[in-house]
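One file, upload-v6.txt, is given below (compact mmCIF, C-alpha atoms).
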```txt
# COMPACT_ATOMS: atom_id res chain seq x y z
CA MET A 1050 0.00 0.00 0.00
CA PHE A 1051 2.77 2.42 0.90
CA ARG A 1052 4.55 1.78 -2.42
CA GLU A 1053 1.36 2.48 -4.32
CA THR A 1054 0.82 5.66 -2.31
CA VAL A 1055 4.33 6.88 -3.11
CA SER A 1056 3.81 6.03 -6.77
CA LEU A 1057 0.60 8.08 -6.87
CA ALA A 1058 2.34 11.01 -5.13
CA LEU A 1059 5.26 10.97 -7.58
CA ARG A 1060 2.87 10.75 -10.54
CA GLU A 1061 0.97 13.79 -9.31
CA ILE A 1062 4.23 15.73 -8.82
CA ARG A 1063 5.36 14.86 -12.38
CA ARG A 1064 1.98 15.84 -13.78
CA ASN A 1065 2.45 19.39 -12.43
CA ALA A 1066 6.22 19.62 -12.81
CA LEU A 1067 6.38 23.41 -13.19
CA ARG A 1068 4.13 24.08 -10.22
CA SER A 1069 6.04 21.55 -8.14
CA SER A 1070 9.34 23.23 -9.04
CA LEU A 1071 8.05 26.64 -8.04
CA THR A 1072 6.60 25.17 -4.84
CA ILE A 1073 9.94 23.83 -3.63
CA LEU A 1074 11.82 27.01 -4.54
CA GLY A 1075 11.45 28.40 -1.02
CA ILE A 1076 12.86 25.19 0.48
CA VAL A 1077 15.76 25.21 -1.99
CA ILE A 1078 16.67 28.81 -1.18
CA GLY A 1079 16.29 28.26 2.57
CA VAL A 1080 18.47 25.14 2.73
CA ALA A 1081 21.05 26.67 0.39
CA ALA A 1082 21.19 29.88 2.44
CA VAL A 1083 21.66 28.02 5.72
CA ILE A 1084 24.42 25.78 4.36
CA THR A 1085 26.18 28.69 2.63
CA MET A 1086 26.13 30.95 5.68
CA VAL A 1087 27.25 28.28 8.13
CA THR A 1088 29.98 26.93 5.83
CA LEU A 1089 31.38 30.37 5.05
CA GLY A 1090 31.18 31.31 8.72
CA GLY A 1091 33.11 28.18 9.67
CA GLY A 1092 35.72 28.96 7.03
CA ALA A 1093 36.05 32.53 8.28
CA THR A 1094 36.54 31.28 11.85
CA VAL A 1095 39.31 28.90 10.75
CA HIS A 1096 40.89 31.62 8.60
CA VAL A 1097 41.02 34.18 11.40
CA SER A 1098 42.29 31.60 13.90
CA ASN A 1099 45.05 30.52 11.54
CA GLN A 1100 46.05 34.14 10.92
CA ILE A 1101 46.37 34.84 14.63
CA LYS A 1102 48.22 31.58 15.23
CA SER A 1103 50.65 32.48 12.44
CA LEU A 1104 51.91 35.32 14.63
CA GLY A 1105 53.67 32.74 16.77
CA SER A 1106 53.45 29.49 18.69
CA ASN A 1107 51.91 29.82 22.20
CA LEU A 1108 52.76 33.50 22.01
CA LEU A 1109 52.64 36.06 24.81
CA ASN A 1110 53.09 39.69 23.85
CA VAL A 1111 54.42 41.90 26.66
CA ARG A 1112 54.15 45.66 26.10
CA PRO A 1113 54.46 48.77 28.27
CA GLY A 1114 51.31 50.75 28.99
CA GLN A 1115 47.80 49.58 29.72
CA GLN A 1116 46.08 47.32 27.23
CA PRO A 1117 43.84 49.20 24.75
CA ARG A 1118 40.18 49.03 25.71
CA GLY A 1119 38.11 48.66 22.57
CA PRO A 1120 39.04 49.34 18.95
CA GLY A 1121 41.42 52.26 18.57
CA GLY A 1122 41.85 52.68 22.30
CA ALA A 1123 45.13 54.33 23.22
CA ARG A 1124 47.51 52.82 25.74
CA GLN A 1125 48.59 54.85 28.71
CA SER A 1126 52.19 56.02 28.30
CA ALA A 1127 54.60 54.14 30.56
CA GLU A 1128 58.27 53.53 31.11
CA PRO A 1129 59.58 51.33 28.26
CA PHE A 1130 61.22 47.98 28.75
CA GLU A 1131 64.92 47.27 28.43
CA VAL A 1132 66.86 44.18 27.35
CA SER A 1133 67.45 43.31 31.00
CA ASP A 1134 63.68 42.81 31.45
CA ALA A 1135 63.66 40.21 28.67
CA GLU A 1136 66.73 38.54 30.16
CA ALA A 1137 65.05 38.39 33.56
CA ILE A 1138 61.94 36.76 32.07
CA ALA A 1139 64.06 34.15 30.25
CA ARG A 1140 66.09 33.49 33.41
CA GLU A 1141 63.41 33.40 36.10
CA ILE A 1142 60.24 32.11 34.42
CA SER A 1143 60.10 28.36 33.77
CA GLY A 1144 58.41 26.63 30.85
CA LEU A 1145 59.43 29.14 28.17
CA ALA A 1146 60.73 28.16 24.73
CA ALA A 1147 62.20 31.55 23.79
CA VAL A 1148 62.12 35.24 24.74
CA ALA A 1149 62.73 37.95 22.15
CA PRO A 1150 63.00 41.69 22.91
CA THR A 1151 61.95 43.78 19.90
CA ALA A 1152 61.94 47.40 18.78
CA SER A 1153 60.61 48.62 15.45
CA ARG A 1154 60.35 51.66 13.21
CA VAL A 1155 59.05 52.31 9.70
CA MET A 1156 61.93 53.22 7.39
CA LEU A 1157 62.68 53.52 3.69
CA ALA A 1158 64.62 50.54 2.31
CA ILE A 1159 66.61 51.25 -0.85
CA HIS A 1160 68.41 48.99 -3.32
CA ALA A 1161 69.73 50.31 -6.65
CA ASP A 1162 66.85 52.33 -8.13
CA ALA A 1163 64.11 50.57 -6.09
CA ASN A 1164 62.83 51.76 -2.74
CA TRP A 1165 60.12 50.58 -0.38
CA SER A 1166 58.79 51.83 2.96
CA THR A 1167 58.83 48.91 5.38
CA SER A 1168 58.93 47.98 9.06
CA VAL A 1169 62.45 47.54 10.45
CA ILE A 1170 62.58 45.30 13.53
CA GLY A 1171 65.52 45.13 15.88
CA THR A 1172 65.69 41.82 17.74
CA ASP A 1173 67.78 38.65 18.11
CA ASN A 1174 67.60 35.10 16.79
CA ALA A 1175 65.05 34.13 19.44
CA TYR A 1176 62.54 36.18 17.42
CA PHE A 1177 62.43 33.50 14.71
CA VAL A 1178 61.73 30.84 17.34
CA VAL A 1179 59.01 32.86 19.03
CA ARG A 1180 57.31 33.68 15.73
CA ASP A 1181 57.81 30.11 14.44
CA TRP A 1182 59.32 31.71 11.36
CA PRO A 1183 61.98 29.70 9.48
CA LEU A 1184 64.41 31.13 6.94
CA ALA A 1185 63.81 30.32 3.29
CA SER A 1186 67.52 30.81 2.55
CA GLY A 1187 70.63 32.28 4.10
CA ARG A 1188 71.45 32.20 7.79
CA PRO A 1189 70.42 33.80 11.09
CA PHE A 1190 72.58 36.38 12.85
CA THR A 1191 75.88 35.22 14.28
CA GLU A 1192 76.64 35.76 17.94
CA GLY A 1193 79.29 38.33 16.94
CA GLU A 1194 76.78 40.29 14.83
CA GLU A 1195 74.29 40.41 17.69
CA ARG A 1196 76.89 41.39 20.28
CA ALA A 1197 78.65 44.00 18.11
CA GLY A 1198 75.49 45.42 16.60
CA SER A 1199 76.57 44.80 13.00
CA MET A 1200 74.30 46.03 10.21
CA ALA A 1201 73.30 42.59 8.95
CA CYS A 1202 69.68 42.11 7.93
CA ILE A 1203 67.16 39.40 7.12
CA VAL A 1204 64.38 40.47 4.76
CA GLY A 1205 60.80 39.33 4.34
CA ALA A 1206 59.32 38.05 1.08
CA THR A 1207 57.51 41.30 0.28
CA VAL A 1208 60.65 43.42 0.73
CA ARG A 1209 62.61 40.96 -1.40
CA GLN A 1210 60.02 41.21 -4.19
CA LYS A 1211 59.84 45.02 -4.06
CA LEU A 1212 63.61 45.60 -3.98
CA PHE A 1213 65.06 42.63 -5.85
CA GLY A 1214 62.26 41.18 -7.96
CA ALA A 1215 63.12 37.58 -8.82
CA SER A 1216 66.86 37.95 -8.15
CA ASP A 1217 68.63 36.48 -5.12
CA PRO A 1218 69.08 39.11 -2.34
CA LEU A 1219 71.69 37.18 -0.34
CA ASP A 1220 74.93 39.10 0.25
CA ALA A 1221 73.47 42.15 -1.47
CA SER A 1222 73.58 45.53 0.26
CA ILE A 1223 70.52 47.66 0.97
CA ARG A 1224 70.17 51.02 2.69
CA LEU A 1225 67.85 51.63 5.61
CA GLY A 1226 67.59 55.39 5.56
CA GLY A 1227 71.24 56.36 5.37
CA LEU A 1228 72.62 53.11 6.82
CA ALA A 1229 74.09 50.34 4.67
CA CYS A 1230 72.99 46.82 5.59
CA GLN A 1231 74.09 43.45 4.20
CA VAL A 1232 71.37 40.88 3.51
CA VAL A 1233 72.31 37.59 5.17
CA GLY A 1234 68.96 35.77 5.09
CA LEU A 1235 65.50 35.59 3.55
CA LEU A 1236 62.42 34.79 5.66
CA ALA A 1237 59.88 32.21 4.50
CA ALA A 1238 56.64 33.80 3.29
CA LYS A 1239 53.90 34.02 5.94
CA GLY A 1240 51.25 36.07 4.16
CA GLN A 1241 48.72 38.40 5.72
CA ALA A 1242 47.83 38.35 9.38
CA THR A 1243 44.63 39.56 11.03
CA PHE A 1244 43.27 42.94 9.88
CA GLY A 1245 45.22 42.70 6.61
CA MET A 1246 48.71 43.25 8.01
CA ASP A 1247 51.41 41.94 5.64
CA GLN A 1248 53.77 39.94 7.84
CA ASP A 1249 56.33 39.63 5.04
CA ASP A 1250 56.79 43.40 4.77
CA VAL A 1251 59.67 43.48 7.25
CA VAL A 1252 63.44 43.82 7.59
CA VAL A 1253 65.01 42.28 10.72
CA ILE A 1254 68.34 43.53 12.09
CA PRO A 1255 70.23 42.85 15.37
CA LEU A 1256 68.65 44.68 18.30
CA ARG A 1257 71.91 46.33 19.35
CA ALA A 1258 72.39 47.74 15.84
CA PHE A 1259 68.83 49.12 15.94
CA GLN A 1260 69.34 50.73 19.35
CA ARG A 1261 72.69 52.29 18.55
CA ARG A 1262 72.23 53.42 14.96
CA ILE A 1263 68.51 53.97 14.53
CA ALA A 1264 66.73 54.51 17.85
CA GLY A 1265 69.59 56.09 19.78
CA ASN A 1266 68.45 54.51 23.09
CA GLN A 1267 68.44 51.18 24.94
CA TYR A 1268 64.68 50.70 25.01
CA VAL A 1269 62.61 47.85 23.55
CA ASP A 1270 59.03 48.26 22.36
CA ALA A 1271 57.84 44.76 23.23
CA ILE A 1272 58.97 41.42 24.59
CA LEU A 1273 57.68 38.37 22.72
CA VAL A 1274 57.53 35.16 24.72
CA SER A 1275 56.93 31.64 23.38
CA VAL A 1276 55.63 29.11 25.89
CA ARG A 1277 56.62 25.47 25.54
CA ASP A 1278 54.01 22.98 24.38
CA GLY A 1279 52.12 21.51 27.30
CA VAL A 1280 52.82 24.49 29.56
CA SER A 1281 49.88 26.68 30.55
CA THR A 1282 50.07 30.08 28.85
CA SER A 1283 47.83 31.48 31.60
CA LYS A 1284 50.35 30.49 34.28
CA ALA A 1285 53.24 31.92 32.26
CA GLN A 1286 51.22 35.10 31.76
CA SER A 1287 50.62 35.53 35.51
CA ASP A 1288 54.27 34.67 36.36
CA ILE A 1289 55.56 37.27 33.88
CA ALA A 1290 53.16 39.89 35.23
CA ARG A 1291 54.29 39.19 38.80
CA LEU A 1292 57.98 39.42 37.85
CA LEU A 1293 57.55 42.68 35.95
CA ARG A 1294 55.58 44.24 38.81
CA GLU A 1295 58.54 43.49 41.07
CA ARG A 1296 61.05 44.89 38.58
CA ARG A 1297 58.98 48.04 38.01
CA ARG A 1298 58.44 48.44 41.77
CA LEU A 1299 54.67 48.47 41.68
CA VAL A 1300 53.05 48.21 45.12
CA PRO A 1301 50.16 45.78 45.69
CA GLY A 1302 46.91 47.27 44.41
CA GLU A 1303 48.67 49.70 42.07
CA GLU A 1304 47.54 49.42 38.45
CA ALA A 1305 50.14 47.84 36.17
CA ASP A 1306 51.81 50.10 33.62
CA PHE A 1307 52.27 47.17 31.24
CA HIS A 1308 50.15 44.36 29.85
CA VAL A 1309 50.72 40.75 28.84
CA MET A 1310 48.52 39.60 25.95
CA ASP A 1311 47.89 35.88 25.48
CA MET A 1312 47.30 35.21 21.78
CA GLN A 1313 45.33 32.07 22.68
CA GLN A 1314 42.78 34.27 24.42
CA ILE A 1315 42.53 36.46 21.34
CA VAL A 1316 41.99 33.36 19.19
CA SER A 1317 39.20 32.20 21.51
CA ALA A 1318 37.56 35.65 21.57
CA VAL A 1319 37.66 36.10 17.80
CA SER A 1320 36.50 32.53 17.17
CA GLY A 1321 33.61 33.02 19.60
CA THR A 1322 32.56 36.21 17.83
CA THR A 1323 32.63 34.67 14.36
CA GLN A 1324 30.75 31.59 15.56
CA THR A 1325 28.05 33.80 17.09
CA MET A 1326 27.71 35.74 13.85
CA THR A 1327 27.55 32.47 11.90
CA ALA A 1328 24.76 31.18 14.14
CA LEU A 1329 22.86 34.45 13.75
CA LEU A 1330 23.17 34.43 9.96
CA GLY A 1331 22.15 30.76 9.87
CA ALA A 1332 19.07 31.51 11.97
CA VAL A 1333 18.07 34.38 9.68
CA ALA A 1334 18.53 32.16 6.63
CA ALA A 1335 16.43 29.43 8.27
CA VAL A 1336 13.41 31.77 8.24
CA SER A 1337 13.19 31.24 4.49
CA LEU A 1338 12.62 27.52 5.21
CA LEU A 1339 9.46 28.45 7.09
CA VAL A 1340 8.40 30.63 4.16
CA GLY A 1341 8.99 27.66 1.87
CA GLY A 1342 6.89 25.47 4.15
CA ILE A 1343 4.01 27.93 3.97
CA GLY A 1344 4.32 27.84 0.18
CA ILE A 1345 4.04 24.04 0.21
CA MET A 1346 0.95 24.19 2.44
CA ASN A 1347 -0.65 26.76 0.16
CA ILE A 1348 -0.06 24.70 -2.99
CA MET A 1349 -1.26 21.51 -1.31
CA LEU A 1350 -4.49 23.23 -0.27
CA VAL A 1351 -4.99 24.31 -3.87
CA SER A 1352 -4.25 20.74 -4.97
CA VAL A 1353 -6.89 19.39 -2.58
CA THR A 1354 -9.46 21.79 -4.02
CA GLU A 1355 -8.57 20.86 -7.61
CA ARG A 1356 -8.71 17.12 -6.90
CA THR A 1357 -11.85 17.03 -4.78
CA ARG A 1358 -13.75 14.80 -7.25
CA GLU A 1359 -10.74 12.44 -7.49
CA ILE A 1360 -10.64 12.19 -3.71
CA GLY A 1361 -14.37 11.54 -3.62
CA VAL A 1362 -14.06 8.70 -6.14
CA ARG A 1363 -11.25 7.09 -4.15
CA LEU A 1364 -13.23 7.30 -0.92
CA ALA A 1365 -16.41 6.04 -2.64
CA ILE A 1366 -14.73 2.90 -3.99
CA GLY A 1367 -13.32 1.97 -0.59
CA ALA A 1368 -10.14 3.95 0.02
CA MET A 1369 -9.61 4.59 3.70
CA GLU A 1370 -9.13 8.07 5.14
CA ARG A 1371 -5.60 7.27 6.31
CA GLU A 1372 -4.66 6.23 2.75
CA VAL A 1373 -5.80 9.58 1.35
CA LEU A 1374 -4.08 11.41 4.19
CA LEU A 1375 -0.87 9.44 3.56
CA GLN A 1376 -0.95 10.19 -0.18
CA PHE A 1377 -1.11 13.95 0.30
CA LEU A 1378 1.35 13.86 3.17
CA VAL A 1379 3.82 11.88 1.03
CA GLU A 1380 3.41 14.45 -1.76
CA ALA A 1381 4.26 17.29 0.63
CA VAL A 1382 7.23 15.49 2.18
CA THR A 1383 8.55 14.43 -1.23
CA LEU A 1384 8.40 17.99 -2.48
CA SER A 1385 10.24 19.31 0.57
CA LEU A 1386 12.90 16.56 0.42
CA PHE A 1387 13.51 17.24 -3.27
CA GLY A 1388 13.87 20.88 -2.32
CA GLY A 1389 16.26 19.90 0.47
CA ILE A 1390 18.48 17.88 -1.87
CA ALA A 1391 18.55 20.66 -4.46
CA GLY A 1392 19.27 23.18 -1.71
CA ILE A 1393 22.18 21.11 -0.40
CA VAL A 1394 23.76 20.95 -3.85
CA LEU A 1395 23.19 24.66 -4.44
CA GLY A 1396 24.39 25.60 -0.95
CA LEU A 1397 27.62 23.60 -1.16
CA GLY A 1398 28.35 24.97 -4.63
CA THR A 1399 27.69 28.54 -3.50
CA ALA A 1400 29.79 28.06 -0.36
CA LEU A 1401 32.67 26.66 -2.44
CA ALA A 1402 32.54 29.64 -4.80
CA GLY A 1403 32.18 32.08 -1.90
CA ALA A 1404 35.14 30.57 -0.05
CA ALA A 1405 37.30 30.98 -3.14
CA ALA A 1406 36.12 34.57 -3.65
CA LEU A 1407 36.69 35.54 0.00
CA ASN A 1408 39.97 33.62 0.21
CA VAL A 1409 38.86 31.57 3.21
CA PRO A 1410 39.08 27.77 3.55
CA PHE A 1411 36.09 25.65 2.54
CA VAL A 1412 35.10 23.82 5.73
CA PHE A 1413 32.62 21.04 4.98
CA ASN A 1414 30.26 20.48 7.91
CA PRO A 1415 28.32 17.21 7.48
CA TRP A 1416 26.17 17.97 10.50
CA ILE A 1417 24.68 21.15 9.09
CA VAL A 1418 23.97 19.33 5.80
CA LEU A 1419 22.19 16.53 7.69
CA VAL A 1420 20.26 18.97 9.89
CA ALA A 1421 19.19 21.05 6.87
CA PHE A 1422 17.99 17.91 5.04
CA LEU A 1423 16.05 16.60 8.05
CA PHE A 1424 14.59 20.04 8.72
CA SER A 1425 13.36 20.27 5.14
CA GLY A 1426 11.62 16.90 5.61
CA ALA A 1427 10.12 18.09 8.88
CA VAL A 1428 8.80 21.20 7.11
CA GLY A 1429 7.01 18.93 4.63
CA VAL A 1430 5.42 16.91 7.44
CA VAL A 1431 4.32 19.93 9.47
CA PHE A 1432 2.99 22.06 6.63
CA GLY A 1433 1.65 19.14 4.62
CA TYR A 1434 -0.40 17.59 7.41
CA PHE A 1435 -3.22 20.16 7.43
CA PRO A 1436 -3.97 19.91 3.68
CA ALA A 1437 -3.67 16.09 3.86
CA ARG A 1438 -6.05 15.95 6.81
CA LYS A 1439 -8.50 18.20 5.00
CA ALA A 1440 -8.42 15.89 1.98
CA ALA A 1441 -8.93 12.76 4.11
CA GLN A 1442 -11.95 14.23 5.92
CA LEU A 1443 -13.87 15.11 2.76
CA ASN A 1444 -17.38 13.65 2.56
CA PRO A 1445 -17.42 11.31 -0.49
CA ILE A 1446 -20.90 12.44 -1.58
CA ASP A 1447 -20.05 16.13 -1.33
CA ALA A 1448 -16.76 15.51 -3.08
CA LEU A 1449 -18.45 13.75 -6.01
CA ARG A 1450 -20.88 16.68 -6.38
CA HIS A 1451 -17.96 19.18 -6.51
CA GLU A 1452 -17.58 21.01 -9.81
```
Output the file's structure in the form of structure tokens.
Amino acid sequence: MFRETVSLALREIRRNALRSSLTILGIVIGVAAVITMVTLGGGATVHVSNQIKSLGSNLLNVRPGQQPRGPGGARQSAEPFEVSDAEAIAREISGLAAVAPTASRVMLAIHADANWSTSVIGTDNAYFVVRDWPLASGRPFTEGEERAGSMACIVGATVRQKLFGASDPLDASIRLGGLACQVVGLLAAKGQATFGMDQDDVVVIPLRAFQRRIAGNQYVDAILVSVRDGVSTSKAQSDIARLLRERRRLVPGEEADFHVMDMQQIVSAVSGTTQTMTALLGAVAAVSLLVGGIGIMNIMLVSVTERTREIGVRLAIGAMEREVLLQFLVEAVTLSLFGGIAGIVLGLGTALAGAAALNVPFVFNPWIVLVAFLFSGAVGVVFGYFPARKAAQLNPIDALRHE
């Protein structure tokens, strides 16, 4: 009986193919919108997390001044750090992989007839460990270069492309402002970080050379700390804060004039925000599924009216009410499931194209596909039941009299 009922439902759908196609359009759009929004949102979350993680492995960023509160918030001016602060952190805090003091300034890099404004960072070899940033070619600084403050430099991929094109920059000389600098290494390309910052637009020189020849002081702008795998970054963060309060002679209860940022916390905060936005967009897109369900109910009610005499004949020759109800219910569910399948295909295709256009990874989520498909079937059951029940409760005599 069930097979015959399904056969009748499919025959009726084929008989009105155009109307059936227009009926399921709302379901198709709803399912496609939900899958597209959730998939792109998941890809954006992964993309942002990867960008932040590319800044370094288990990274803590220690800076003078209070942490900015909100976008564009200014930090309170405070006494800068010195190299001795970084040395104290490396010496007294356990569980650290590397500690790198850094200072930076935007300068004009010149080679032959090419020039490029870039960020010049003064630091030591621990910087490449902290940032998890290998060299593509060349070598790191020697101990003598770091100690003597020699003008050796390691350039990023963007600076290499702007100043040297496709040629090899190793052992070439560039000028940073009016200072000559020999290129001893080339950093591996990292690409853009969060908020569009180009990580490869950088020239790295020994910290002592930066302090003596560029900054003219012994200060460092920030101390980057990499925590070993398996060690709690929160504990390292609190230990560093305690040590620096002692070194800066801050009394208990006095507000710190520095801050220690845990990049893991930033990853969690950003991921939470993008996931919330994804859920919101998915919920908004799901409203169109309800609209599609109303469309199915409307068309099924019209179908009941058009087929009143057919229903009356079936009831008059012995068809049971539940058989008529099942036939119309199967029609509604079949329509919504066809719409769900078409919506899944359209949604995945749109998400794939959108991920490529937005330059975010395509993250396939089988759960959202399954939920969208089941929800489309549920829409068919819920919105198809009332028309099916109306058809099953028709009086055979009245139905046969219907014009």
Using all atoms listed in the file, which residues of range 1407-1438 of chain A come within 10 Å of range 1063-1084 of chain A, and what is the closest atom pair for each, with the distance in Å to one decimal? Give it as a tab-separated table, sorted by chain and residue number.
```
residue	atom	partner	partner_atom	distance
A:Phe1413	CA	A:Ile1084	CA	9.5
A:Asn1414	CA	A:Ile1084	CA	8.6
A:Pro1415	CA	A:Ile1084	CA	9.9
A:Ile1417	CA	A:Ile1084	CA	6.6
A:Val1418	CA	A:Ile1084	CA	6.6
A:Val1420	CA	A:Val1080	CA	9.6
A:Ala1421	CA	A:Val1080	CA	5.9
A:Phe1422	CA	A:Val1080	CA	7.6
A:Phe1424	CA	A:Val1080	CA	8.8
A:Ser1425	CA	A:Ile1076	CA	6.8
A:Gly1426	CA	A:Ile1076	CA	9.8
A:Val1428	CA	A:Ile1076	CA	8.7
A:Gly1429	CA	A:Ile1076	CA	9.5
```
* Near Ser1199 in chain A, within 8 Å and counting all atoms listed in the file, which residues show up once chain neighbours fewer than 3 positions away are dropped, as a PyMOL selection string? -> chain A and resi 1194-1195+1255+1258
Could you write those residues out with C-alpha atoms, as a short mmCIF file (atom, residue, chain, number, x, y, z; two decimals), in the frame of the given file?
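So out11.cif came out as:
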```cif
data_model
loop_
_atom_site.label_atom_id
_atom_site.label_comp_id
_atom_site.auth_asym_id
_atom_site.auth_seq_id
_atom_site.Cartn_x
_atom_site.Cartn_y
_atom_site.Cartn_z
CA GLU A 1194 76.78 40.29 14.83
CA GLU A 1195 74.29 40.41 17.69
CA PRO A 1255 70.23 42.85 15.37
CA ALA A 1258 72.39 47.74 15.84
#
```
* **12 Å contact set for range 1212-1215 of chain A, only C-alpha atoms, chain neighbours under 6 positions out, as an MDAnalysis selection string** => chainID A and resid 1157:1167 1204:1206 1221:1224 1232 1235 1250 1252
* To do: Work out how far apart CA of Tyr1268 in chain A and CA of Ala1146 in chain A are and give it in Å to one decimal.
  => 22.9 Å
* Asked: For Ile1348 in chain A, which residue among A:Leu1401, A:Leu1384, A:Leu1374, A:Ala1271 is the nearest when counting all atoms listed in the file?
  ->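 The closest residue to Ile1348 in chain A is A:Leu1384.
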* To do: Would you list the residues near (56.4, 40.8, 40.0), meaning any protein, DNA or RNA residue with an atom at most 12 Å from that point in file coordinates, counting all atoms listed in the file, as a PyMOL selection string?
  => chain A and resi 1134+1137-1138+1141-1142+1286-1301+1303+1305+1307
Could the residues in this selection be written to a file with C-alpha atoms, as a compact mmCIF listing (two decimals), in the coordinates of the input?
```txt
# COMPACT_ATOMS: atom_id res chain seq x y z
CA ASP A 1134 63.68 42.81 31.45
CA ALA A 1137 65.05 38.39 33.56
CA ILE A 1138 61.94 36.76 32.07
CA GLU A 1141 63.41 33.40 36.10
CA ILE A 1142 60.24 32.11 34.42
CA GLN A 1286 51.22 35.10 31.76
CA SER A 1287 50.62 35.53 35.51
CA ASP A 1288 54.27 34.67 36.36
CA ILE A 1289 55.56 37.27 33.88
CA ALA A 1290 53.16 39.89 35.23
CA ARG A 1291 54.29 39.19 38.80
CA LEU A 1292 57.98 39.42 37.85
CA LEU A 1293 57.55 42.68 35.95
CA ARG A 1294 55.58 44.24 38.81
CA GLU A 1295 58.54 43.49 41.07
CA ARG A 1296 61.05 44.89 38.58
CA ARG A 1297 58.98 48.04 38.01
CA ARG A 1298 58.44 48.44 41.77
CA LEU A 1299 54.67 48.47 41.68
CA VAL A 1300 53.05 48.21 45.12
CA PRO A 1301 50.16 45.78 45.69
CA GLU A 1303 48.67 49.70 42.07
CA ALA A 1305 50.14 47.84 36.17
CA PHE A 1307 52.27 47.17 31.24
```
* Distance in Å - CA of Val1382 in chain A versus CA of Ala1427 in chain A ->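 Calculated distance between CA of Val1382 in chain A and CA of Ala1427 in chain A is 7.7 Å.
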* To do: Find the residues around Ser1153 in chain A up to 9 Å (all atoms listed in the file counted), leave out those fewer than 6 positions away in its own chain, and share them as number ranges by chain.
  => A: 1168-1172, 1259, 1264, 1269-1270
* Kindly extract all protein, DNA and RNA residues lying within 7 Å of the coordinates (28.1, 28.0, 10.0) given in the file, considering only C-alpha atoms, and supply them as a list in words. => Met1086, Val1087, Thr1088, Leu1089, Gly1090, Gly1091, Thr1327, Ala1328 and Gly1331 of chain A
* Counting only C-alpha atoms, the residue of A:Glu1304, A:Glu1192, A:Asp1278, A:Asp1181 that sits nearest Leu1236 in chain A ->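 Smallest distance to Leu1236 in chain A is found for A:Asp1181.
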* **Between CA of Leu1339 in chain A and CA of Ser1385 in chain A - distance in Å to one decimal** =>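 Straight-line distance from CA of Ser1385 in chain A to CA of Leu1339 in chain A works out to 11.3 Å.
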* Minimum-distance residue to Gln1248 in chain A, chosen among A:Ala1127, A:Val1208, A:Leu1386, A:Leu1395 (using all atoms listed in the file) ->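 With all atoms listed in the file as the atom set, the closest residue is A:Val1208.
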* May I have the residues within 10 Å of Tyr1176 in chain A as an NGL selection string, using all atoms listed in the file and disregarding those fewer than 6 positions away in the same chain? => :A and (1105 or 1147-1151 or 1170 or 1182 or 1253 or 1272-1275)
* For Asn1174 in chain A, list every protein, DNA or RNA residue within 8 Å, evaluated using all atoms listed in the file, and leave out those in the same chain fewer than 4 positions away; present the list as a list in words. => Ala1149, Val1178, Pro1189 and Phe1190 of chain A
